[in-house]
file coords_22.pdb (PDB, C-alpha atoms and all ligand atoms)
ATOM      1  CA  MET T   4      -1.062   3.523  10.181  1.00  0.00           C
ATOM      2  CA  LYS T   5       0.454   4.490   6.846  1.00  0.00           C
ATOM      3  CA  PHE T   6      -1.745   4.299   3.758  1.00  0.00           C
ATOM      4  CA  PHE T   7      -0.106   3.108   0.552  1.00  0.00           C
ATOM      5  CA  LEU T   8      -2.030   2.912  -2.699  1.00  0.00           C
ATOM      6  CA  ASP T   9      -1.761  -0.427  -4.526  1.00  0.00           C
ATOM      7  CA  THR T  10      -1.965   0.861  -8.077  1.00  0.00           C
ATOM      8  CA  ALA T  11      -0.143   1.892 -11.231  1.00  0.00           C
ATOM      9  CA  MET T  12      -2.781   4.484 -12.168  1.00  0.00           C
ATOM     10  CA  ILE T  13      -1.429   8.054 -12.007  1.00  0.00           C
ATOM     11  CA  ASP T  14      -4.839   9.700 -11.537  1.00  0.00           C
ATOM     12  CA  GLU T  15      -5.540   7.550  -8.480  1.00  0.00           C
ATOM     13  CA  ILE T  16      -2.193   8.495  -6.937  1.00  0.00           C
ATOM     14  CA  LYS T  17      -2.841  12.193  -7.604  1.00  0.00           C
ATOM     15  CA  GLN T  18      -6.302  12.018  -6.002  1.00  0.00           C
ATOM     16  CA  ALA T  19      -5.070  10.166  -2.885  1.00  0.00           C
ATOM     17  CA  LYS T  20      -2.292  12.732  -2.544  1.00  0.00           C
ATOM     18  CA  ALA T  21      -4.783  15.615  -2.912  1.00  0.00           C
ATOM     19  CA  TRP T  22      -6.862  14.117  -0.080  1.00  0.00           C
ATOM     20  CA  GLY T  23      -3.721  13.980   2.052  1.00  0.00           C
ATOM     21  CA  PHE T  24      -3.996  10.216   2.500  1.00  0.00           C
ATOM     22  CA  LEU T  25      -0.999   9.045   0.525  1.00  0.00           C
ATOM     23  CA  ASP T  26       2.048   7.699   2.376  1.00  0.00           C
ATOM     24  CA  GLY T  27       3.424   5.582  -0.472  1.00  0.00           C
ATOM     25  CA  VAL T  28       2.627   3.435  -3.511  1.00  0.00           C
ATOM     26  CA  THR T  29       2.998  -0.267  -4.265  1.00  0.00           C
ATOM     27  CA  THR T  30       2.793  -1.823  -7.700  1.00  0.00           C
ATOM     28  CA  ASN T  31       3.155  -5.303  -9.111  1.00  0.00           C
ATOM     29  CA  PRO T  32       3.377  -6.776 -12.636  1.00  0.00           C
ATOM     30  CA  SER T  33      -0.398  -7.384 -12.765  1.00  0.00           C
ATOM     31  CA  LEU T  34      -1.145  -3.729 -11.922  1.00  0.00           C
ATOM     32  CA  ALA T  35       1.477  -2.584 -14.445  1.00  0.00           C
ATOM     33  CA  ALA T  36      -0.153  -4.754 -17.145  1.00  0.00           C
ATOM     34  CA  LYS T  37      -3.531  -3.080 -16.539  1.00  0.00           C
ATOM     35  CA  THR T  38      -2.121   0.301 -17.635  1.00  0.00           C
ATOM     36  CA  GLY T  39      -1.263  -1.027 -21.125  1.00  0.00           C
ATOM     37  CA  ARG T  40       1.720   1.369 -21.157  1.00  0.00           C
ATOM     38  CA  PRO T  41       5.501   0.727 -21.166  1.00  0.00           C
ATOM     39  CA  PHE T  42       6.629  -0.102 -17.633  1.00  0.00           C
ATOM     40  CA  LYS T  43       9.520   2.357 -17.407  1.00  0.00           C
ATOM     41  CA  THR T  44       7.306   5.251 -18.514  1.00  0.00           C
ATOM     42  CA  VAL T  45       4.601   4.363 -15.995  1.00  0.00           C
ATOM     43  CA  ALA T  46       7.061   3.707 -13.155  1.00  0.00           C
ATOM     44  CA  GLN T  47       8.883   7.003 -13.669  1.00  0.00           C
ATOM     45  CA  GLU T  48       5.601   8.886 -13.744  1.00  0.00           C
ATOM     46  CA  ILE T  49       4.539   7.189 -10.493  1.00  0.00           C
ATOM     47  CA  LEU T  50       7.888   8.033  -8.878  1.00  0.00           C
ATOM     48  CA  LYS T  51       7.584  11.672  -9.872  1.00  0.00           C
ATOM     49  CA  THR T  52       3.951  11.953  -8.763  1.00  0.00           C
ATOM     50  CA  ALA T  53       4.527  10.259  -5.408  1.00  0.00           C
ATOM     51  CA  ALA T  54       7.978  11.742  -4.583  1.00  0.00           C
ATOM     52  CA  PRO T  55       9.351  11.803  -1.954  1.00  0.00           C
ATOM     53  CA  LEU T  56       7.044   8.994  -0.790  1.00  0.00           C
ATOM     54  CA  PRO T  57       8.258   5.391  -1.200  1.00  0.00           C
ATOM     55  CA  VAL T  58       7.210   3.460  -4.319  1.00  0.00           C
ATOM     56  CA  SER T  59       7.594  -0.326  -4.453  1.00  0.00           C
ATOM     57  CA  LEU T  60       8.570  -1.560  -7.938  1.00  0.00           C
ATOM     58  CA  GLU T  61       8.851  -5.301  -8.461  1.00  0.00           C
ATOM     59  CA  VAL T  62      11.701  -7.268  -9.989  1.00  0.00           C
ATOM     60  CA  VAL T  63      10.684 -10.007 -12.414  1.00  0.00           C
ATOM     61  CA  ALA T  64      13.926 -12.003 -12.482  1.00  0.00           C
ATOM     62  CA  THR T  65      13.909 -15.183 -10.416  1.00  0.00           C
ATOM     63  CA  ASP T  66      17.672 -15.723 -10.023  1.00  0.00           C
ATOM     64  CA  VAL T  67      19.946 -13.796  -7.646  1.00  0.00           C
ATOM     65  CA  GLU T  68      22.024 -11.985 -10.294  1.00  0.00           C
ATOM     66  CA  GLY T  69      18.944 -11.034 -12.287  1.00  0.00           C
ATOM     67  CA  MET T  70      17.163  -9.711  -9.188  1.00  0.00           C
ATOM     68  CA  LEU T  71      20.209  -7.659  -8.196  1.00  0.00           C
ATOM     69  CA  GLU T  72      20.571  -6.195 -11.668  1.00  0.00           C
ATOM     70  CA  GLN T  73      16.881  -5.269 -11.853  1.00  0.00           C
ATOM     71  CA  ALA T  74      16.728  -3.894  -8.300  1.00  0.00           C
ATOM     72  CA  ARG T  75      19.741  -1.658  -8.994  1.00  0.00           C
ATOM     73  CA  GLU T  76      18.200  -0.491 -12.286  1.00  0.00           C
ATOM     74  CA  LEU T  77      14.880   0.303 -10.564  1.00  0.00           C
ATOM     75  CA  TYR T  78      16.684   2.160  -7.769  1.00  0.00           C
ATOM     76  CA  SER T  79      18.554   4.266 -10.351  1.00  0.00           C
ATOM     77  CA  TRP T  80      15.148   5.660 -11.420  1.00  0.00           C
ATOM     78  CA  GLY T  81      14.603   7.417  -8.097  1.00  0.00           C
ATOM     79  CA  LYS T  82      15.746   7.492  -4.505  1.00  0.00           C
ATOM     80  CA  ASN T  83      12.166   6.788  -3.404  1.00  0.00           C
ATOM     81  CA  VAL T  84      12.242   3.338  -5.071  1.00  0.00           C
ATOM     82  CA  VAL T  85      11.759   0.282  -2.883  1.00  0.00           C
ATOM     83  CA  ALA T  86      12.718  -2.930  -4.693  1.00  0.00           C
ATOM     84  CA  LYS T  87       9.977  -5.522  -4.404  1.00  0.00           C
ATOM     85  CA  ILE T  88      11.505  -8.983  -4.187  1.00  0.00           C
ATOM     86  CA  PRO T  89       9.595 -12.269  -3.905  1.00  0.00           C
ATOM     87  CA  MET T  90       9.930 -14.548  -0.866  1.00  0.00           C
ATOM     88  CA  THR T  91      12.171 -17.180  -2.416  1.00  0.00           C
ATOM     89  CA  GLU T  92      15.630 -18.533  -1.589  1.00  0.00           C
ATOM     90  CA  ALA T  93      17.106 -16.401  -4.386  1.00  0.00           C
ATOM     91  CA  GLY T  94      15.085 -13.413  -3.167  1.00  0.00           C
ATOM     92  CA  MET T  95      16.525 -13.620   0.344  1.00  0.00           C
ATOM     93  CA  GLN T  96      20.058 -13.965  -1.029  1.00  0.00           C
ATOM     94  CA  ALA T  97      19.540 -10.883  -3.191  1.00  0.00           C
ATOM     95  CA  LEU T  98      18.124  -9.003  -0.175  1.00  0.00           C
ATOM     96  CA  ASN T  99      21.239  -9.848   1.823  1.00  0.00           C
ATOM     97  CA  ILE T 100      23.323  -8.025  -0.802  1.00  0.00           C
ATOM     98  CA  LEU T 101      20.890  -5.159  -1.475  1.00  0.00           C
ATOM     99  CA  LYS T 102      20.741  -4.198   2.200  1.00  0.00           C
ATOM    100  CA  LYS T 103      24.519  -3.649   2.166  1.00  0.00           C
ATOM    101  CA  GLU T 104      23.983  -1.318  -0.808  1.00  0.00           C
ATOM    102  CA  GLU T 105      21.257   0.448   1.201  1.00  0.00           C
ATOM    103  CA  ILE T 106      18.585  -0.311  -1.392  1.00  0.00           C
ATOM    104  CA  PRO T 107      15.324  -0.732   0.546  1.00  0.00           C
ATOM    105  CA  VAL T 108      13.429  -3.959  -0.105  1.00  0.00           C
ATOM    106  CA  ASN T 109       9.784  -4.963   0.210  1.00  0.00           C
ATOM    107  CA  VAL T 110       9.485  -8.752   0.428  1.00  0.00           C
ATOM    108  CA  THR T 111       6.367  -9.781  -1.455  1.00  0.00           C
ATOM    109  CA  LEU T 112       4.220 -12.921  -1.797  1.00  0.00           C
ATOM    110  CA  VAL T 113       4.420 -13.693   1.929  1.00  0.00           C
ATOM    111  CA  PHE T 114       1.848 -16.211   3.137  1.00  0.00           C
ATOM    112  CA  SER T 115       3.210 -17.624   6.415  1.00  0.00           C
ATOM    113  CA  ALA T 116       4.629 -16.426   9.741  1.00  0.00           C
ATOM    114  CA  ASN T 117       7.916 -18.214   9.053  1.00  0.00           C
ATOM    115  CA  GLN T 118       8.254 -16.383   5.737  1.00  0.00           C
ATOM    116  CA  ALA T 119       7.616 -13.102   7.574  1.00  0.00           C
ATOM    117  CA  LEU T 120      10.292 -14.076  10.112  1.00  0.00           C
ATOM    118  CA  LEU T 121      12.813 -14.812   7.334  1.00  0.00           C
ATOM    119  CA  ALA T 122      12.122 -11.473   5.630  1.00  0.00           C
ATOM    120  CA  ALA T 123      12.766  -9.624   8.897  1.00  0.00           C
ATOM    121  CA  LYS T 124      15.912 -11.605   9.696  1.00  0.00           C
ATOM    122  CA  ALA T 125      17.185 -10.881   6.170  1.00  0.00           C
ATOM    123  CA  GLY T 126      16.748  -7.136   6.807  1.00  0.00           C
ATOM    124  CA  ALA T 127      13.712  -6.212   4.688  1.00  0.00           C
ATOM    125  CA  THR T 128      12.375  -2.681   5.062  1.00  0.00           C
ATOM    126  CA  TYR T 129       8.826  -3.969   4.492  1.00  0.00           C
ATOM    127  CA  VAL T 130       7.189  -7.392   4.475  1.00  0.00           C
ATOM    128  CA  SER T 131       4.003  -7.858   2.454  1.00  0.00           C
ATOM    129  CA  PRO T 132       1.665 -10.588   3.732  1.00  0.00           C
ATOM    130  CA  PHE T 133      -1.146 -11.097   1.178  1.00  0.00           C
ATOM    131  CA  ILE T 134      -4.203 -11.389   3.380  1.00  0.00           C
ATOM    132  CA  GLY T 135      -6.969 -11.353   0.737  1.00  0.00           C
ATOM    133  CA  ARG T 136      -5.414 -14.255  -1.157  1.00  0.00           C
ATOM    134  CA  LEU T 137      -5.227 -16.253   2.110  1.00  0.00           C
ATOM    135  CA  ASP T 138      -8.909 -15.490   2.780  1.00  0.00           C
ATOM    136  CA  ASP T 139      -9.638 -16.666  -0.783  1.00  0.00           C
ATOM    137  CA  VAL T 140      -8.276 -20.150  -0.019  1.00  0.00           C
ATOM    138  CA  GLY T 141     -10.138 -20.478   3.284  1.00  0.00           C
ATOM    139  CA  GLU T 142      -7.406 -19.290   5.655  1.00  0.00           C
ATOM    140  CA  GLU T 143      -7.738 -16.259   7.916  1.00  0.00           C
ATOM    141  CA  GLY T 144      -5.307 -13.765   6.423  1.00  0.00           C
ATOM    142  CA  MET T 145      -5.521 -11.414   9.391  1.00  0.00           C
ATOM    143  CA  ARG T 146      -4.059 -14.092  11.716  1.00  0.00           C
ATOM    144  CA  LEU T 147      -0.842 -13.793   9.713  1.00  0.00           C
ATOM    145  CA  ILE T 148      -0.760 -10.061  10.428  1.00  0.00           C
ATOM    146  CA  GLU T 149      -1.230 -10.773  14.157  1.00  0.00           C
ATOM    147  CA  ASP T 150       1.641 -13.286  14.043  1.00  0.00           C
ATOM    148  CA  ALA T 151       4.001 -11.013  12.106  1.00  0.00           C
ATOM    149  CA  VAL T 152       3.329  -7.998  14.369  1.00  0.00           C
ATOM    150  CA  ARG T 153       3.798 -10.141  17.511  1.00  0.00           C
ATOM    151  CA  ILE T 154       6.977 -11.831  16.253  1.00  0.00           C
ATOM    152  CA  TYR T 155       8.562  -8.527  15.186  1.00  0.00           C
ATOM    153  CA  LYS T 156       7.701  -7.003  18.567  1.00  0.00           C
ATOM    154  CA  ASN T 157       9.049 -10.000  20.511  1.00  0.00           C
ATOM    155  CA  TYR T 158      12.426  -9.767  18.817  1.00  0.00           C
ATOM    156  CA  GLY T 159      12.679  -6.045  18.097  1.00  0.00           C
ATOM    157  CA  PHE T 160      12.758  -6.336  14.291  1.00  0.00           C
ATOM    158  CA  SER T 161      12.478  -2.986  12.514  1.00  0.00           C
ATOM    159  CA  THR T 162      10.863  -4.470   9.363  1.00  0.00           C
ATOM    160  CA  GLN T 163       7.474  -2.849   8.777  1.00  0.00           C
ATOM    161  CA  VAL T 164       4.411  -5.046   8.355  1.00  0.00           C
ATOM    162  CA  LEU T 165       2.778  -3.885   5.123  1.00  0.00           C
ATOM    163  CA  VAL T 166      -0.667  -5.459   4.872  1.00  0.00           C
ATOM    164  CA  ALA T 167      -1.252  -6.319   1.193  1.00  0.00           C
ATOM    165  CA  SER T 168      -4.004  -7.888  -0.882  1.00  0.00           C
ATOM    166  CA  ILE T 169      -6.595  -5.811   0.982  1.00  0.00           C
ATOM    167  CA  ARG T 170     -10.111  -6.327  -0.330  1.00  0.00           C
ATOM    168  CA  HIS T 171     -12.481  -4.319   1.890  1.00  0.00           C
ATOM    169  CA  PRO T 172     -12.634  -1.614   4.613  1.00  0.00           C
ATOM    170  CA  MET T 173     -12.812  -4.085   7.527  1.00  0.00           C
ATOM    171  CA  HIS T 174      -9.363  -5.339   6.552  1.00  0.00           C
ATOM    172  CA  ILE T 175      -8.109  -1.829   7.351  1.00  0.00           C
ATOM    173  CA  VAL T 176      -9.892  -1.655  10.714  1.00  0.00           C
ATOM    174  CA  GLU T 177      -8.557  -5.061  11.758  1.00  0.00           C
ATOM    175  CA  ALA T 178      -5.024  -4.259  10.596  1.00  0.00           C
ATOM    176  CA  CYS T 179      -5.171  -1.053  12.701  1.00  0.00           C
ATOM    177  CA  ARG T 180      -6.450  -2.953  15.758  1.00  0.00           C
ATOM    178  CA  ILE T 181      -3.503  -5.319  15.465  1.00  0.00           C
ATOM    179  CA  GLY T 182      -1.051  -2.446  15.013  1.00  0.00           C
ATOM    180  CA  ALA T 183       0.300  -3.176  11.522  1.00  0.00           C
ATOM    181  CA  ASP T 184       2.574  -0.427  10.191  1.00  0.00           C
ATOM    182  CA  VAL T 185       1.209   0.021   6.657  1.00  0.00           C
ATOM    183  CA  ALA T 186      -1.866  -0.939   4.627  1.00  0.00           C
ATOM    184  CA  THR T 187      -1.604  -0.944   0.856  1.00  0.00           C
ATOM    185  CA  MET T 188      -5.019  -0.809  -0.721  1.00  0.00           C
ATOM    186  CA  PRO T 189      -6.695  -0.437  -4.106  1.00  0.00           C
ATOM    187  CA  PHE T 190      -8.108   3.035  -4.794  1.00  0.00           C
ATOM    188  CA  SER T 191     -11.646   1.575  -4.588  1.00  0.00           C
ATOM    189  CA  VAL T 192     -11.049   0.519  -0.961  1.00  0.00           C
ATOM    190  CA  LEU T 193      -9.606   3.931  -0.049  1.00  0.00           C
ATOM    191  CA  ARG T 194     -12.781   5.563  -1.406  1.00  0.00           C
ATOM    192  CA  GLN T 195     -14.953   3.119   0.531  1.00  0.00           C
ATOM    193  CA  LEU T 196     -13.336   4.325   3.783  1.00  0.00           C
ATOM    194  CA  PHE T 197     -15.112   7.684   3.395  1.00  0.00           C
ATOM    195  CA  LYS T 198     -18.535   6.127   3.106  1.00  0.00           C
ATOM    196  CA  HIS T 199     -21.303   5.697   5.643  1.00  0.00           C
ATOM    197  CA  PRO T 200     -25.019   5.833   4.754  1.00  0.00           C
ATOM    198  CA  LEU T 201     -25.742   7.958   7.848  1.00  0.00           C
ATOM    199  CA  THR T 202     -23.244  10.557   6.624  1.00  0.00           C
ATOM    200  CA  ASP T 203     -25.054  10.766   3.264  1.00  0.00           C
ATOM    201  CA  ALA T 204     -28.513  10.863   4.884  1.00  0.00           C
ATOM    202  CA  GLY T 205     -27.372  13.398   7.496  1.00  0.00           C
ATOM    203  CA  LEU T 206     -25.872  15.724   4.889  1.00  0.00           C
ATOM    204  CA  LYS T 207     -29.010  15.505   2.738  1.00  0.00           C
ATOM    205  CA  LYS T 208     -31.181  16.519   5.704  1.00  0.00           C
ATOM    206  CA  PHE T 209     -28.895  19.382   6.775  1.00  0.00           C
ATOM    207  CA  LEU T 210     -28.918  20.780   3.242  1.00  0.00           C
ATOM    208  CA  ALA T 211     -32.704  20.486   3.014  1.00  0.00           C
ATOM    209  CA  ASP T 212     -33.141  22.219   6.396  1.00  0.00           C
ATOM    210  CA  TRP T 213     -30.703  24.954   5.400  1.00  0.00           C
ATOM    211  CA  GLU T 214     -33.153  25.964   2.673  1.00  0.00           C
ATOM    212  CA  LYS T 215     -35.585  26.910   5.455  1.00  0.00           C
ATOM    213  CA  VAL T 216     -33.077  29.191   7.235  1.00  0.00           C
ATOM    214  CA  PRO T 217     -33.760  32.840   6.479  1.00  0.00           C
ATOM    215  CA  GLY T 218     -30.928  35.015   5.201  1.00  0.00           C
ATOM    216  CA  ASN T 219     -28.106  33.028   3.623  1.00  0.00           C
ATOM    217  CA  PRO T 220     -24.849  34.756   4.638  1.00  0.00           C
ATOM    218  CA  PHE T 221     -22.936  32.902   1.878  1.00  0.00           C
ATOM    219  CA  GLU T 222     -24.927  34.400  -0.966  1.00  0.00           C
ATOM    220  CA  LYS T 223     -23.776  37.676  -2.503  1.00  0.00           C
ATOM    221  CA  VAL T 224     -27.423  38.828  -2.516  1.00  0.00           C
ATOM    222  CA  PRO T 225     -29.152  37.608   0.689  1.00  0.00           C
ATOM    223  CA  ARG T 226     -32.497  35.863   0.145  1.00  0.00           C
TER     224      ARG T 226
HETATM  225  O1  LIG P 301       0.449  -5.653  -4.572  1.00  0.00           O
HETATM  226  C1  LIG P 301       0.314  -6.856  -3.900  1.00  0.00           C
HETATM  227  C2  LIG P 301      -1.097  -7.204  -3.436  1.00  0.00           C
HETATM  228  O2  LIG P 301      -1.657  -6.108  -2.780  1.00  0.00           O
HETATM  229  C3  LIG P 301      -1.970  -7.803  -4.493  1.00  0.00           C
HETATM  230  O3  LIG P 301      -3.314  -7.865  -4.124  1.00  0.00           O
HETATM  231  O4  LIG P 301      -5.691  -8.178  -4.712  1.00  0.00           O
HETATM  232  O5  LIG P 301      -3.908  -9.009  -6.291  1.00  0.00           O
HETATM  233  O6  LIG P 301      -4.335 -10.162  -4.117  1.00  0.00           O
HETATM  234  P1  LIG P 301      -4.357  -8.853  -4.858  1.00  0.00           P
END
call {"tool": "encode", "arguments": {"input": "coords_22.pdb", "output": "structure tokens", "more": "lines below"}}
Ligand code: G3P
result
Amino acid sequence: MKFFLDTAMIDEIKQAKAWGFLDGVTTNPSLAAKTGRPFKTVAQEILKTAAPLPVSLEVVATDVEGMLEQARELYSWGKNVVAKIPMTEAGMQALNILKKEEIPVNVTLVFSANQALLAAKAGATYVSPFIGRLDDVGEEGMRLIEDAVRIYKNYGFSTQVLVASIRHPMHIVEACRIGADVATMPFSVLRQLFKHPLTDAGLKKFLADWEKVPGNPFEKVPR
């Protein structure tokens, strides 16, 4: 299971990398807006910080020519760029051209198994089903991950299922059980994965008991 960070915050990317848990980064226009900084500056900083790991940067054009132009521009910023293209008719047409240019594409805003099938048939490197947003409207987002993983396996598609719109740690566990390829998560969810109250309580007790052990070998002057 690869861990991508769903963020445009440089400090978060640096911390995830320092932990050794960073396999890539995904961004979107909403995350870019939260930084309050010019997009090109932020994107280039992310690319540099995450290199050589893949970084998904999203196009904002909605027509084929516009998407192609933006995807090529984004890709010129770094060879670790993955162009994020929405699941639309124009998006799939753009993908059909970009794959011939060997520009990797992450198909975003995927909410159904048929959309996931189209993205794979079109040759996407990644498909991003948004599970949290499906949960929000009363559907079971994780069923879409099961469908996508099964369909790709049945037909031997190489497109990677990138679980997006993750909201809590159980989304990660379930995505792993199903065998999804990648989970992109907010930094807050990555931090939650470390946590268990028994770990905190256990550490507290060990440290308290250590105080009762005679002769601390780690101190320069033994007590
Ligand atoms: O980056 C795409 C996706 O992960 C967005 O998540 O929380 O805005 O639904 P969210």
call {"tool": "resolve_selection", "arguments": {"input": "coords_22.pdb", "expression": "the PyMOL selection byres (((not hetatm)) within 10 of (chain P and resi 301))", "output": "PyMOL selection string"}}
result
chain T and resi 7-10+28-34+59-61+87+111-113+131-139+165-170+186-189
call {"tool": "resolve_selection", "arguments": {"input": "coords_22.pdb", "expression": "the PyMOL selection byres (((chain T and resi 185) around 6) and not hetatm)", "output": "PyMOL selection string"}}
result
chain T and resi 4-6+165+183-184+186
call {"tool": "axis_aligned_box", "arguments": {"input": "coords_22.pdb", "around": "segment 36-41 of chain T", "padding_each_side": "8 Å", "output": "JSON"}}
result
{"center_x": 1.0, "center_y": -1.7, "center_z": -18.9, "size_x": 25.0, "size_y": 22.1, "size_z": 20.6}
call {"tool": "atom_distance", "arguments": {"input": "coords_22.pdb", "atom1": "atom CA of Ala97 of chain T", "atom2": "atom CA of Ala119 of chain T"}}
result
16.2 Å
call {"tool": "atom_distance", "arguments": {"input": "coords_22.pdb", "atom1": "atom CA of Val58 of chain T", "atom2": "atom CA of Val85 of chain T"}}
result
5.7 Å
call {"tool": "closest_residue", "arguments": {"input": "coords_22.pdb", "among": "T:Met90, T:Ile49, T:Leu120, T:Ala21", "to": "Val62 of chain T", "atoms": "only C-alpha atoms"}}
result
T:Met90
call {"tool": "residues_around", "arguments": {"input": "coords_22.pdb", "residues": "Val63 of chain T", "least_positions_apart": "6", "cutoff": "9 Å", "atoms": "all atoms listed in the file", "output": "PyMOL selection string"}}
result
chain T and resi 32+69-70+73+88-89
call {"tool": "residues_near_point", "arguments": {"input": "coords_22.pdb", "point": "(-16.1, -3.5, 0.7)", "cutoff": "9 Å", "atoms": "only C-alpha atoms", "output": "ChimeraX atom specification"}}
result
/T:170-173,191-192,195-196
call {"tool": "residues_around", "arguments": {"input": "coords_22.pdb", "residues": "Leu50 of chain T", "least_positions_apart": "5", "cutoff": "10 Å", "atoms": "all atoms listed in the file", "output": "list of chain:residue names"}}
result
T:Ile13, T:Gly27, T:Val28, T:Val45, T:Pro55, T:Leu56, T:Pro57, T:Val58, T:Ser59, T:Leu60, T:Trp80, T:Gly81, T:Lys82, T:Asn83, T:Val84
call {"tool": "closest_residue", "arguments": {"input": "coords_22.pdb", "among": "T:Lys43, T:Asp150, T:Tyr78, T:Lys207", "to": "Glu104 of chain T", "atoms": "only C-alpha atoms"}}
result
T:Tyr78
call {"tool": "residues_around", "arguments": {"input": "coords_22.pdb", "residues": "Arg180 of chain T", "least_positions_apart": "6", "cutoff": "12 Å", "atoms": "all atoms listed in the file", "output": "ChimeraX atom specification"}}
result
/T:4,145,148-149,152,173-174
call {"tool": "write_last_selection", "arguments": {"input": "coords_22.pdb", "atoms": "C-alpha atoms", "output": "mmCIF file, in the coordinates of the input"}}
result
data_model
loop_
_atom_site.group_PDB
_atom_site.id
_atom_site.type_symbol
_atom_site.label_atom_id
_atom_site.label_comp_id
_atom_site.auth_asym_id
_atom_site.auth_seq_id
_atom_site.Cartn_x
_atom_site.Cartn_y
_atom_site.Cartn_z
ATOM 1 C CA MET T 4 -1.062 3.523 10.181
ATOM 2 C CA MET T 145 -5.521 -11.414 9.391
ATOM 3 C CA ILE T 148 -0.760 -10.061 10.428
ATOM 4 C CA GLU T 149 -1.230 -10.773 14.157
ATOM 5 C CA VAL T 152 3.329 -7.998 14.369
ATOM 6 C CA MET T 173 -12.812 -4.085 7.527
ATOM 7 C CA HIS T 174 -9.363 -5.339 6.552
#
call {"tool": "closest_residue", "arguments": {"input": "coords_22.pdb", "among": "T:Ala204, T:Ala53, T:Ala123, T:Leu147", "to": "Gly159 of chain T", "atoms": "all atoms listed in the file"}}
result
T:Ala123
call {"tool": "build_atoms", "arguments": {"input": "coords_22.pdb", "residues": "segment 10-21 of chain T", "atoms": "N, CA, C and O atoms", "output": "tab-separated table (two decimals), keeping the file's coordinate frame"}}
result
chain	number	residue	atom	x	y	z
T	10	THR	N	-1.47	0.46	-6.76
T	10	THR	CA	-1.96	0.86	-8.08
T	10	THR	C	-0.81	1.26	-8.99
T	10	THR	O	0.29	1.54	-8.51
T	11	ALA	N	-1.10	1.30	-10.28
T	11	ALA	CA	-0.14	1.89	-11.23
T	11	ALA	C	-0.83	3.02	-12.01
T	11	ALA	O	-0.33	3.48	-13.02
T	12	MET	N	-2.01	3.43	-11.50
T	12	MET	CA	-2.78	4.48	-12.17
T	12	MET	C	-2.42	5.87	-11.59
T	12	MET	O	-2.65	6.13	-10.41
T	13	ILE	N	-1.91	6.74	-12.44
T	13	ILE	CA	-1.43	8.05	-12.01
T	13	ILE	C	-2.56	8.90	-11.40
T	13	ILE	O	-2.36	9.55	-10.37
T	14	ASP	N	-3.73	8.88	-12.03
T	14	ASP	CA	-4.84	9.70	-11.54
T	14	ASP	C	-5.22	9.32	-10.11
T	14	ASP	O	-5.56	10.18	-9.29
T	15	GLU	N	-5.18	8.01	-9.83
T	15	GLU	CA	-5.54	7.55	-8.48
T	15	GLU	C	-4.52	8.06	-7.46
T	15	GLU	O	-4.88	8.49	-6.36
T	16	ILE	N	-3.25	8.03	-7.84
T	16	ILE	CA	-2.19	8.49	-6.94
T	16	ILE	C	-2.35	9.99	-6.68
T	16	ILE	O	-2.26	10.46	-5.54
T	17	LYS	N	-2.65	10.74	-7.75
T	17	LYS	CA	-2.84	12.19	-7.60
T	17	LYS	C	-4.01	12.50	-6.67
T	17	LYS	O	-3.93	13.39	-5.83
T	18	GLN	N	-5.12	11.76	-6.83
T	18	GLN	CA	-6.30	12.02	-6.00
T	18	GLN	C	-6.02	11.69	-4.53
T	18	GLN	O	-6.36	12.47	-3.64
T	19	ALA	N	-5.37	10.55	-4.28
T	19	ALA	CA	-5.07	10.17	-2.88
T	19	ALA	C	-4.15	11.21	-2.25
T	19	ALA	O	-4.30	11.56	-1.07
T	20	LYS	N	-3.22	11.71	-3.04
T	20	LYS	CA	-2.29	12.73	-2.54
T	20	LYS	C	-3.05	14.03	-2.23
T	20	LYS	O	-2.82	14.66	-1.20
T	21	ALA	N	-4.00	14.39	-3.13
T	21	ALA	CA	-4.78	15.62	-2.91
T	21	ALA	C	-5.62	15.51	-1.64
T	21	ALA	O	-5.82	16.50	-0.93
